[in-house]
file model.txt (compact mmCIF, C-alpha atoms)
# COMPACT_ATOMS: atom_id res chain seq x y z
CA SER H 1 20.91 60.64 24.93
CA CYS H 2 19.62 58.63 21.98
CA LEU H 3 19.26 55.57 24.20
CA SER H 4 16.86 57.19 26.67
CA VAL H 5 13.87 55.87 24.69
CA LEU H 6 14.93 52.27 25.40
CA PRO H 7 14.07 50.35 28.60
CA PHE H 8 16.80 50.58 31.25
CA LEU H 9 17.93 46.96 30.86
CA GLN H 10 18.47 47.42 27.12
CA GLN H 11 20.24 50.75 27.73
CA TYR H 12 22.73 49.13 30.11
CA HIS H 13 23.20 46.10 27.88
CA LEU H 14 23.95 48.29 24.86
CA LEU H 15 26.19 50.67 26.77
CA TYR H 16 28.15 47.65 27.98
CA ALA H 17 28.51 46.42 24.37
CA GLN H 18 29.69 49.89 23.37
CA PHE H 19 32.18 49.99 26.27
CA VAL H 20 33.64 46.59 25.35
CA ALA H 21 33.94 47.62 21.70
CA PHE H 22 35.78 50.83 22.56
CA VAL H 23 38.10 49.10 25.01
CA GLU H 24 38.99 46.60 22.28
CA CYS H 25 39.59 49.51 19.89
CA SER H 26 42.15 51.00 22.23
CA LEU H 27 44.15 47.84 23.05
CA PRO H 28 47.80 47.95 21.99
CA PHE H 29 47.84 45.11 19.47
CA LEU H 30 51.27 43.98 18.29
CA HIS H 31 50.49 41.19 15.84
CA GLU H 32 48.26 41.27 12.79
CA SER H 33 46.28 38.26 14.00
CA GLU H 34 45.02 40.12 17.10
CA PRO H 35 42.80 42.76 15.44
CA LEU H 36 41.93 40.21 12.73
CA LEU H 37 40.55 37.91 15.44
CA VAL H 38 38.37 40.75 16.77
CA ILE H 39 37.06 41.38 13.25
CA PHE H 40 36.51 37.65 12.74
CA GLU H 41 34.42 37.47 15.93
CA CYS H 42 32.44 40.58 14.92
CA ASN H 43 31.66 38.96 11.57
CA ARG H 44 30.58 35.79 13.36
CA HIS H 45 28.30 37.74 15.71
CA LEU H 46 26.79 39.71 12.82
CA SER H 47 26.15 36.50 10.85
CA LEU H 48 24.37 34.94 13.81
CA GLN H 49 22.28 38.07 14.37
CA ALA H 50 21.36 38.25 10.69
CA GLY H 51 20.06 34.68 10.92
CA ALA H 52 18.03 35.56 13.99
CA PHE H 53 16.56 38.65 12.32
CA MET H 54 15.66 36.68 9.20
CA ALA H 55 13.98 33.94 11.23
CA ALA H 56 12.08 36.50 13.32
CA SER H 57 10.85 38.32 10.21
CA ASP H 58 9.74 34.99 8.67
CA ILE H 59 7.78 34.18 11.82
CA GLN H 60 6.17 37.66 11.89
CA SER H 61 5.22 37.51 8.20
CA GLY H 62 3.67 34.07 8.65
CA SER H 63 5.93 32.28 6.19
CA ALA H 64 7.63 29.10 7.31
CA PRO H 65 11.28 29.77 8.16
CA THR H 66 13.80 27.41 6.64
CA VAL H 67 16.02 27.46 9.74
CA VAL H 68 15.09 28.96 13.09
CA PRO H 69 18.18 29.74 15.19
CA ALA H 70 17.80 29.58 18.95
CA ALA H 71 18.49 33.31 19.10
CA ALA H 72 15.40 34.10 17.00
CA SER H 73 13.13 33.95 20.02
CA SER H 74 15.23 36.50 21.87
CA VAL H 75 15.42 39.18 19.17
CA ALA H 76 14.97 42.42 21.08
CA PRO H 77 14.24 45.86 19.58
CA GLY H 78 17.64 47.17 20.73
CA LEU H 79 19.58 44.29 19.21
CA GLY H 80 20.29 46.38 16.13
CA LEU H 81 22.33 48.70 18.32
CA GLU H 82 24.61 45.81 19.31
CA SER H 83 25.11 45.10 15.63
CA VAL H 84 25.93 48.76 15.08
CA ALA H 85 28.56 48.50 17.83
CA CYS H 86 30.06 45.48 16.02
CA LEU H 87 30.05 47.26 12.67
CA VAL H 88 31.72 50.34 14.15
CA LEU H 89 34.31 48.18 15.93
CA LYS H 90 35.08 46.33 12.69
CA ALA H 91 35.46 49.56 10.72
CA ALA H 92 37.63 51.16 13.42
CA MET H 93 39.92 48.11 13.61
CA LYS H 94 40.26 47.86 9.83
CA SER H 95 41.05 51.56 9.57
CA ALA H 96 43.39 51.79 12.57
CA TYR H 97 45.43 48.73 11.60
CA ARG H 98 45.14 49.22 7.83
CA LEU H 99 43.58 45.80 7.23
CA SER H 100 42.07 45.03 3.85
CA ASP H 101 38.83 43.16 3.18
CA GLU H 102 40.97 40.41 1.65
CA GLN H 103 43.07 40.04 4.81
CA CYS H 104 39.90 39.83 6.91
CA ALA H 105 38.27 37.29 4.60
CA GLU H 106 41.35 35.07 4.46
CA PHE H 107 42.03 35.15 8.20
CA ASN H 108 41.99 31.75 9.89
CA PRO H 109 42.00 31.93 13.70
CA LYS H 110 43.69 28.51 13.85
CA ASP H 111 46.67 29.72 11.82
CA ALA H 112 49.74 30.13 14.04
CA ARG H 113 51.37 32.93 12.01
CA GLN H 114 52.46 35.92 14.09
CA GLU H 115 53.24 38.81 11.76
CA LYS H 116 53.97 42.18 13.31
CA LEU H 117 51.54 44.97 12.55
CA LYS H 118 52.77 47.54 10.06
CA GLY H 119 51.88 51.22 10.34
CA ALA H 120 49.17 50.89 12.97
CA THR H 121 47.35 54.01 14.12
CA PRO H 122 45.25 52.77 17.07
CA SER H 123 43.69 56.18 17.79
CA ALA H 124 40.34 55.43 16.18
CA VAL H 125 38.35 55.47 19.43
CA ALA H 126 37.13 59.08 19.20
CA ALA H 127 35.99 58.63 15.60
CA ALA H 128 34.33 55.33 16.55
CA VAL H 129 32.31 57.02 19.32
CA GLU H 130 30.99 59.63 16.89
CA GLU H 131 30.20 56.96 14.28
CA TRP H 132 28.39 54.78 16.83
CA LEU H 133 26.22 57.72 17.93
CA ARG H 134 25.47 58.68 14.32
CA LEU H 135 24.34 55.15 13.45
CA ALA H 136 22.65 54.35 16.76
CA THR H 137 20.46 57.44 17.05
CA PRO H 138 17.91 56.51 14.34
CA LEU H 139 17.74 52.93 15.61
CA ALA H 140 17.08 53.99 19.18
CA GLU H 141 14.48 56.54 18.10
CA HIS H 142 12.54 53.83 16.22
CA ALA H 143 13.07 51.03 18.77
CA ALA H 144 9.60 51.46 20.20
CA ASN H 145 8.10 51.04 16.72
CA PRO H 146 10.27 48.47 14.85
call {"tool": "encode", "arguments": {"input": "model.txt", "output": "structure tokens"}}
result
Amino acid sequence: SCLSVLPFLQQYHLLYAQFVAFVECSLPFLHESEPLLVIFECNRHLSLQAGAFMAASDIQSGSAPTVVPAAASSVAPGLGLESVACLVLKAAMKSAYRLSDEQCAEFNPKDARQEKLKGATPSAVAAAVEEWLRLATPLAEHAANP
């Protein structure tokens, strides 16, 4: 497996993230707001991780970071794989439920609208597994030498 080069704790952590992502992919959503909320949370997670990566790279390069998130100190080599799981989950949800970038950008989790999903094809799990492995393999191979 591509994850065998990672320490066991990171392997289990990442496999758990992958499992959660694929379970969420296969849930039978009925309303448009449900997969949009998953995408919203993925975007939030990715934004937080991007901030942590930027702060960590500023610290490593010796330049003074403008903002140092609390997560910056815990940036692990395998963290990119969690981000890959989020990216694959987002893409699978958008594809399966035919959600546009505009719908995702305009989604407000506090909005009480409950529109039924139209034309959903929630069978994106198999394609998501292949995509996750394709994207995760190079990251795992280079995890020991970031």
call {"tool": "atom_distance", "arguments": {"input": "model.txt", "atom1": "CA of Cys42 (chain H)", "atom2": "CA of Ala17 (chain H)"}}
result
11.8 Å
call {"tool": "closest_residue", "arguments": {"input": "model.txt", "among": "H:Val84, H:Leu36, H:Ala92, H:Leu14", "to": "Arg113 (chain H)", "atoms": "all atoms listed in the file"}}
result
H:Leu36
call {"tool": "residues_around", "arguments": {"input": "model.txt", "residues": "Glu106 (chain H)", "least_positions_apart": "2", "cutoff": "12 Å", "atoms": "all atoms listed in the file", "output": "compact mmCIF listing (two decimals) with C-alpha atoms, in the frame of the given file"}}
result
# COMPACT_ATOMS: atom_id res chain seq x y z
CA SER H 33 46.28 38.26 14.00
CA LEU H 36 41.93 40.21 12.73
CA LEU H 37 40.55 37.91 15.44
CA ILE H 39 37.06 41.38 13.25
CA PHE H 40 36.51 37.65 12.74
CA LEU H 99 43.58 45.80 7.23
CA SER H 100 42.07 45.03 3.85
CA ASP H 101 38.83 43.16 3.18
CA GLU H 102 40.97 40.41 1.65
CA GLN H 103 43.07 40.04 4.81
CA CYS H 104 39.90 39.83 6.91
CA ASN H 108 41.99 31.75 9.89
CA PRO H 109 42.00 31.93 13.70
CA LYS H 110 43.69 28.51 13.85
CA ASP H 111 46.67 29.72 11.82
call {"tool": "atom_distance", "arguments": {"input": "model.txt", "atom1": "CA of Lys118 (chain H)", "atom2": "CA of Arg98 (chain H)"}}
result
8.1 Å
call {"tool": "residues_near_point", "arguments": {"input": "model.txt", "point": "(24.2, 41.3, 16.9)", "cutoff": "6 Å", "atoms": "only C-alpha atoms", "output": "PyMOL selection string"}}
result
chain H and resi 45-46+49+79+82-83
call {"tool": "closest_residue", "arguments": {"input": "model.txt", "among": "H:Gln11, H:Ser26, H:Ser4, H:Gln114", "to": "Met93 (chain H)", "atoms": "only C-alpha atoms"}}
result
H:Ser26
call {"tool": "atom_distance", "arguments": {"input": "model.txt", "atom1": "CA of Ala136 (chain H)", "atom2": "CA of Glu32 (chain H)"}}
result
29.0 Å
call {"tool": "closest_residue", "arguments": {"input": "model.txt", "among": "H:Tyr16, H:Leu89, H:Glu41, H:Ala96", "to": "Pro28 (chain H)", "atoms": "only C-alpha atoms"}}
result
H:Ala96
